[in-house]
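Here is the structure we will look at, set down as structure tokens.
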Amino acid sequence: MTDLDHELAQLATERTRPELSGLDTRSTRDLVAAIAEDDAGVPAAVAAASDAITAAVDVVVERLERGGRLVYAGAGTPGRLGVLDAAECVPTFGTEPGQVTALLAGGVDAMTASREGAEDDPGAAAEALADIEIGADDVLVAITASGRTPYALGAAETARESGAATIGISNNAGSRLSSLVDVAIEVCTGPEIIAGSTRMKAGTAQKLVLNTLTTASMIRLGKTYDNLMVDVQATNDKLRSRAQRIVVEATGVSPDVAADTLAAAGGHVKTAIVALLAEIDVAEARNRLAACAGRVRNAVDGGSGAETPT
């Protein structure tokens, strides 16, 4: 047995489950039920990591407030989930292009085609981070189910050397990645229904963690008002309709008034809401938002503070 064989054999995510012997002989209904039952434990595993996730959110908020970036790095399923989360931050939260970004082992082509060998190259991660000039204002989130994927480890080490904050997301306790990062999020989902197929429970858990990480961070950064997605980018008919409904719900005005105010605000939801709630014109609403780091509640109150709860 090689050192790698021995290392992988110790990982919970790689173990087999004797109780699932004969899985390939089960009916379709039984297979669906077994997978659903297995997945049902994922939210509890994520909740058990709440303290680490909380610490990670605080790090992300602090770095983004400094003007830094949130950078994901991973291979295979974890890397693709990082790309997905980064891509969705722009339309959902109005982040600046590049403010949340992702590096995937094997490059863009690995989003749609397997590039499994790319995960073994830590140097590629170092080069990718050098290309984007990662630095002390940034935060790097390395994602790997095993906690030992060379690409993710290389990314964490390079980011740490650059002075960036580092966060690790893995699905095994005491992973190598956890020893390299400032904040270690270990979501221990255990053996998979198909041994070693970590796109299953482990991948689901990673998606939940990334959802929580960016959503909580963006709320802290003033990207919402109450629970409304006020930084939505209205770039298609559905999102334009959603923007109008958000203004109506936030202010209580009629749909026609919301539509007119949005038009005057150039489609900017926050500006429309501040103008309506504070009973000021659109230009003054823009000025207030600029003075309040885009926080609607502060702008409505007329203040310039950018404090957020901890």
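Identifiers in this document derive from the order of the structure tokens: chains are assigned A, B, ..., residues are numbered from 1 separately in each chain, and ligands are numbered from 1 in order of occurrence.
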
Looking only at the backbone, which of the residues in stretch 68-243 of chain A does DSSP tag as strand (DSSP E or B), as a PyMOL selection string? chain A and resi 70-74+100-104+139-143+165-170+183-186+225+228

Selection near A:Ser217, 8 Å with only C-alpha atoms, sequence-local residues under 2 positions removed, as a PyMOL selection string: chain A and resi 57-58+60-61+213-215+219-221

Can you pull out the residues contacting stretch 280-289 of chain A? Cut-off 9 Å, using only C-alpha atoms, and skip same-chain residues under 3 positions away; I want them as a ChimeraX atom specification. /A:261,264-265,270-277,292-296,298-300,302-304

Write out as a list in words each polymer residue whose atoms come within 7 Å of stretch 90-102 of chain A, counting only C-alpha atoms; drop sequence neighbours fewer than 2 positions from it. Arg69, Leu70, Val71, Tyr72, Ala73, Gly82, Val83, Ala86, Ala87, Glu88, Leu104, Met218, Lys223, Met229, Asp231, Val232 and Gln233 of chain A

Could you save the residues just selected, with N, CA and C atoms, as a short mmCIF file (atom, residue, chain, number, x, y, z; two decimals), in the first residue's frame?
data_model
loop_
_atom_site.label_atom_id
_atom_site.label_comp_id
_atom_site.auth_asym_id
_atom_site.auth_seq_id
_atom_site.Cartn_x
_atom_site.Cartn_y
_atom_site.Cartn_z
N ARG A 69 -10.82 41.12 -2.16
CA ARG A 69 -11.63 40.18 -2.92
C ARG A 69 -11.82 38.87 -2.15
N LEU A 70 -12.91 38.21 -2.46
CA LEU A 70 -13.16 36.85 -1.99
C LEU A 70 -12.82 35.92 -3.15
N VAL A 71 -11.84 35.05 -2.93
CA VAL A 71 -11.34 34.18 -4.00
C VAL A 71 -11.52 32.73 -3.58
N TYR A 72 -12.26 31.96 -4.38
CA TYR A 72 -12.41 30.54 -4.16
C TYR A 72 -11.36 29.78 -4.97
N ALA A 73 -10.95 28.63 -4.45
CA ALA A 73 -10.04 27.78 -5.21
C ALA A 73 -10.35 26.32 -4.90
N GLY A 82 -17.45 26.61 -6.35
CA GLY A 82 -16.88 27.94 -6.11
C GLY A 82 -17.16 28.87 -7.28
N VAL A 83 -17.00 28.35 -8.50
CA VAL A 83 -17.29 29.15 -9.70
C VAL A 83 -18.76 29.56 -9.71
N ALA A 86 -19.46 32.31 -7.05
CA ALA A 86 -18.88 33.58 -7.46
C ALA A 86 -19.71 34.23 -8.57
N ALA A 87 -20.14 33.42 -9.54
CA ALA A 87 -20.91 33.95 -10.66
C ALA A 87 -22.24 34.52 -10.22
N GLU A 88 -22.84 33.92 -9.20
CA GLU A 88 -24.17 34.35 -8.78
C GLU A 88 -24.16 35.59 -7.89
N LEU A 104 -10.42 27.44 -10.73
CA LEU A 104 -10.78 26.03 -10.88
C LEU A 104 -9.61 25.28 -11.48
N MET A 218 -22.86 39.24 2.56
CA MET A 218 -23.48 40.32 1.81
C MET A 218 -24.55 41.05 2.62
N LYS A 223 -26.01 44.64 1.56
CA LYS A 223 -26.54 44.28 0.25
C LYS A 223 -28.02 43.91 0.29
N MET A 229 -33.72 41.59 -1.53
CA MET A 229 -32.52 41.55 -2.36
C MET A 229 -32.40 42.89 -3.11
N ASP A 231 -29.96 44.83 -3.92
CA ASP A 231 -28.87 45.08 -4.86
C ASP A 231 -29.00 44.23 -6.12
N VAL A 232 -30.19 43.72 -6.35
CA VAL A 232 -30.43 42.90 -7.54
C VAL A 232 -30.12 43.71 -8.80
N GLN A 233 -29.50 43.06 -9.77
CA GLN A 233 -29.21 43.70 -11.04
C GLN A 233 -30.32 43.33 -12.02
#
